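Report on the structure given below.
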Amino acid sequence: MATSNLVHATGISIGGKAVLIRGPSGSGKTQTAITIIRRGRMAGLDVGLIADDQTRVTANDMGGLTASCPETIAGQIEVFGFGVYDASAIRSEPAAIALIADLVPDQDVARMPPQAPERLLDIFVPALKLPQRQPNLACHAVFAAIGIDPWL
């Protein structure tokens with residue numbers, strides 16, 4: 001039986017690889033996701049929203065993790081200060097988690113941060129600490145971390 005948890009994170013898919021964007025309310029999770037999706041689509045990449053704010057993380061039998069959307073919020077996105085909107089046009093299928101991007105206060109980000117693994121459901125996943133409310137910078141770092149040209 002697969003282990004599954006809801007995680008306070010926005011999940012996106014980039015070329016079939018899921019990225020979990022975590023951070024406190026108002027840290028820019030959704031704006032970062034929108035920026036990555038917009039930039040990726042302009043570059044012709046297969047990019048989409050898996051889930052906004054709450055992502056289901058499931059451990060599979062192959063030792064990996066999959067990100068999916070809880071049915072109650074499928075196709076929806078919350079824009080901080082504005083409300084919930086239909087995001088079905090950018091909806092993505094579940095994907096294998098390749099990276100965790102934690103949005104943290106600027107002083108908690110190293111100038112040359114290591115990509116260190118983090119344990120999630122007893123499985124290690126590469127993780128980065130990125131400055132909150134700086135979606136363009138986060139976009140470059142996420143692309144680079146999963147092997148995509150960060151200057152798209």
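Please note that chains go A, B, ... in the order of the structure tokens, that every chain numbers its residues from 1, and that ligands are numbered from 1 in the order shown.
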For region 37-44 of chain A, work out the shell of residues within 10 Å, counting only C-alpha atoms and skipping chain neighbours fewer than 3 positions away, then give it as a VMD selection string. chain A and resid 12 to 15 31 to 34 47 to 49 90 136 139 to 140 143 148 151 to 152
I need the residues from that last selection saved to file as an mmCIF file, in the first residue's frame (with C-alpha atoms), if you can.
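Printed below is out.cif as written:
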data_model
loop_
_atom_site.group_PDB
_atom_site.id
_atom_site.type_symbol
_atom_site.label_atom_id
_atom_site.label_comp_id
_atom_site.auth_asym_id
_atom_site.auth_seq_id
_atom_site.Cartn_x
_atom_site.Cartn_y
_atom_site.Cartn_z
ATOM 1 C CA ILE A 12 4.141 22.139 -10.846
ATOM 2 C CA SER A 13 5.281 19.861 -13.638
ATOM 3 C CA ILE A 14 8.170 20.757 -15.942
ATOM 4 C CA GLY A 15 8.769 18.250 -18.695
ATOM 5 C CA GLN A 31 3.361 33.634 -8.085
ATOM 6 C CA THR A 32 6.528 31.558 -8.426
ATOM 7 C CA ALA A 33 4.526 28.734 -10.020
ATOM 8 C CA ILE A 34 2.804 31.132 -12.435
ATOM 9 C CA VAL A 47 4.826 22.964 -18.057
ATOM 10 C CA GLY A 48 1.700 22.999 -15.923
ATOM 11 C CA LEU A 49 0.096 23.269 -12.510
ATOM 12 C CA ILE A 90 -2.732 25.088 -17.261
ATOM 13 C CA ASN A 136 12.010 35.449 -11.377
ATOM 14 C CA CYS A 139 12.393 30.437 -11.802
ATOM 15 C CA HIS A 140 16.056 30.571 -12.894
ATOM 16 C CA PHE A 143 15.168 25.464 -14.141
ATOM 17 C CA ILE A 148 16.911 23.184 -18.028
ATOM 18 C CA TRP A 151 17.999 31.790 -19.146
ATOM 19 C CA LEU A 152 14.924 30.826 -21.156
#
Within 12 Å of region 104-110 of chain A using only C-alpha atoms, minus same-chain residues under 4 positions, as a compact mmCIF listing (two decimals) with C-alpha atoms, in the first residue's frame:
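Result written to out.txt:
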# COMPACT_ATOMS: atom_id res chain seq x y z
CA ILE A 21 7.20 24.94 -4.05
CA ARG A 22 6.84 25.28 -0.29
CA GLY A 23 6.64 28.28 1.98
CA PRO A 24 4.38 30.09 4.43
CA SER A 25 1.23 31.84 3.32
CA GLY A 26 2.10 34.96 1.34
CA SER A 27 5.66 33.82 0.52
CA GLY A 28 4.99 33.69 -3.22
CA LYS A 29 4.35 29.99 -3.93
CA PRO A 114 23.97 23.69 -2.00
CA GLN A 115 21.28 21.46 -3.45
CA LEU A 128 16.84 24.32 -2.50
CA LYS A 129 16.20 27.34 -0.30
CA LEU A 130 15.14 30.29 -2.44
CA PRO A 131 14.20 33.85 -1.45
CA GLN A 132 10.47 34.33 -0.97
CA ARG A 133 8.53 36.78 -3.15
CA GLN A 134 11.23 36.74 -5.86
CA LEU A 137 15.05 34.43 -9.35
CA ALA A 138 13.29 31.26 -8.20
What are the DSSP strand (DSSP E or B) residues of region 9-149 of chain A, as a ChimeraX atom specification? /A:9-14,17-22,47-51,55-59,65-68,76-79,83-86,91,95-104,116-120,123-131
For those residues, write C-alpha atoms to a file as a PDB file, in the first residue's frame.
ATOM      1  CA  ALA A   9       3.030  23.227  -1.267  1.00  0.00           C
ATOM      2  CA  THR A  10       2.232  24.260  -4.808  1.00  0.00           C
ATOM      3  CA  GLY A  11       3.135  21.504  -7.249  1.00  0.00           C
ATOM      4  CA  ILE A  12       4.141  22.139 -10.846  1.00  0.00           C
ATOM      5  CA  SER A  13       5.281  19.861 -13.638  1.00  0.00           C
ATOM      6  CA  ILE A  14       8.170  20.757 -15.942  1.00  0.00           C
ATOM      7  CA  LYS A  17       9.274  16.354 -13.478  1.00  0.00           C
ATOM      8  CA  ALA A  18       7.395  17.686 -10.464  1.00  0.00           C
ATOM      9  CA  VAL A  19       8.670  20.550  -8.334  1.00  0.00           C
ATOM     10  CA  LEU A  20       7.130  21.241  -4.929  1.00  0.00           C
ATOM     11  CA  ILE A  21       7.196  24.940  -4.054  1.00  0.00           C
ATOM     12  CA  ARG A  22       6.839  25.276  -0.290  1.00  0.00           C
ATOM     13  CA  VAL A  47       4.826  22.964 -18.057  1.00  0.00           C
ATOM     14  CA  GLY A  48       1.700  22.999 -15.923  1.00  0.00           C
ATOM     15  CA  LEU A  49       0.096  23.269 -12.510  1.00  0.00           C
ATOM     16  CA  ILE A  50      -0.361  20.046 -10.574  1.00  0.00           C
ATOM     17  CA  ALA A  51      -1.887  21.603  -7.447  1.00  0.00           C
ATOM     18  CA  THR A  55      -0.300  18.853  -3.003  1.00  0.00           C
ATOM     19  CA  ARG A  56      -0.764  15.140  -2.410  1.00  0.00           C
ATOM     20  CA  VAL A  57       2.603  13.377  -2.162  1.00  0.00           C
ATOM     21  CA  THR A  58       2.598   9.608  -2.602  1.00  0.00           C
ATOM     22  CA  ALA A  59       5.509   7.218  -2.133  1.00  0.00           C
ATOM     23  CA  LEU A  65       7.511  10.211  -4.881  1.00  0.00           C
ATOM     24  CA  THR A  66       4.624  11.407  -7.016  1.00  0.00           C
ATOM     25  CA  ALA A  67       2.875  14.784  -6.736  1.00  0.00           C
ATOM     26  CA  SER A  68      -0.849  14.941  -7.518  1.00  0.00           C
ATOM     27  CA  GLN A  76      -8.048  25.910  -9.196  1.00  0.00           C
ATOM     28  CA  ILE A  77      -5.412  28.439  -8.201  1.00  0.00           C
ATOM     29  CA  GLU A  78      -5.509  31.050  -5.429  1.00  0.00           C
ATOM     30  CA  VAL A  79      -3.970  34.405  -6.216  1.00  0.00           C
ATOM     31  CA  GLY A  83      -9.174  34.953  -4.616  1.00  0.00           C
ATOM     32  CA  VAL A  84      -9.569  31.582  -6.293  1.00  0.00           C
ATOM     33  CA  TYR A  85      -9.494  31.314 -10.097  1.00  0.00           C
ATOM     34  CA  ASP A  86     -10.037  28.607 -12.703  1.00  0.00           C
ATOM     35  CA  ARG A  91      -3.589  21.888 -15.375  1.00  0.00           C
ATOM     36  CA  ALA A  95       4.431  13.674 -11.937  1.00  0.00           C
ATOM     37  CA  ALA A  96       7.470  12.237 -10.188  1.00  0.00           C
ATOM     38  CA  ILE A  97       8.950  14.719  -7.712  1.00  0.00           C
ATOM     39  CA  ALA A  98      12.414  15.901  -8.777  1.00  0.00           C
ATOM     40  CA  LEU A  99      12.914  18.941  -6.528  1.00  0.00           C
ATOM     41  CA  ILE A 100      11.657  20.756  -3.449  1.00  0.00           C
ATOM     42  CA  ALA A 101      11.965  24.558  -3.607  1.00  0.00           C
ATOM     43  CA  ASP A 102      11.527  26.145  -0.185  1.00  0.00           C
ATOM     44  CA  LEU A 103      10.721  29.865  -0.223  1.00  0.00           C
ATOM     45  CA  VAL A 104      12.379  31.431   2.822  1.00  0.00           C
ATOM     46  CA  ALA A 116      20.834  19.288  -0.368  1.00  0.00           C
ATOM     47  CA  PRO A 117      18.445  16.357  -0.125  1.00  0.00           C
ATOM     48  CA  GLU A 118      15.448  16.499   2.177  1.00  0.00           C
ATOM     49  CA  ARG A 119      13.521  13.570   3.570  1.00  0.00           C
ATOM     50  CA  LEU A 120       9.871  13.438   2.551  1.00  0.00           C
ATOM     51  CA  ILE A 123      12.542   9.293   0.636  1.00  0.00           C
ATOM     52  CA  PHE A 124      15.299  11.819  -0.075  1.00  0.00           C
ATOM     53  CA  VAL A 125      14.573  14.542  -2.640  1.00  0.00           C
ATOM     54  CA  PRO A 126      16.937  17.337  -3.771  1.00  0.00           C
ATOM     55  CA  ALA A 127      15.949  20.645  -2.138  1.00  0.00           C
ATOM     56  CA  LEU A 128      16.843  24.320  -2.501  1.00  0.00           C
ATOM     57  CA  LYS A 129      16.199  27.339  -0.300  1.00  0.00           C
ATOM     58  CA  LEU A 130      15.135  30.294  -2.437  1.00  0.00           C
ATOM     59  CA  PRO A 131      14.197  33.848  -1.449  1.00  0.00           C
TER      60      PRO A 131
END
According to DSSP computed on the backbone, where in chain A is there helix (DSSP H, G or I)? Give the residues as a ChimeraX atom specification. /A:29-42,71-73,88-90,106-108,135-145
Please compute the CA of Pro150 (chain A)-CA of Ser92 (chain A) distance, one decimal, in Å. 21.3 Å
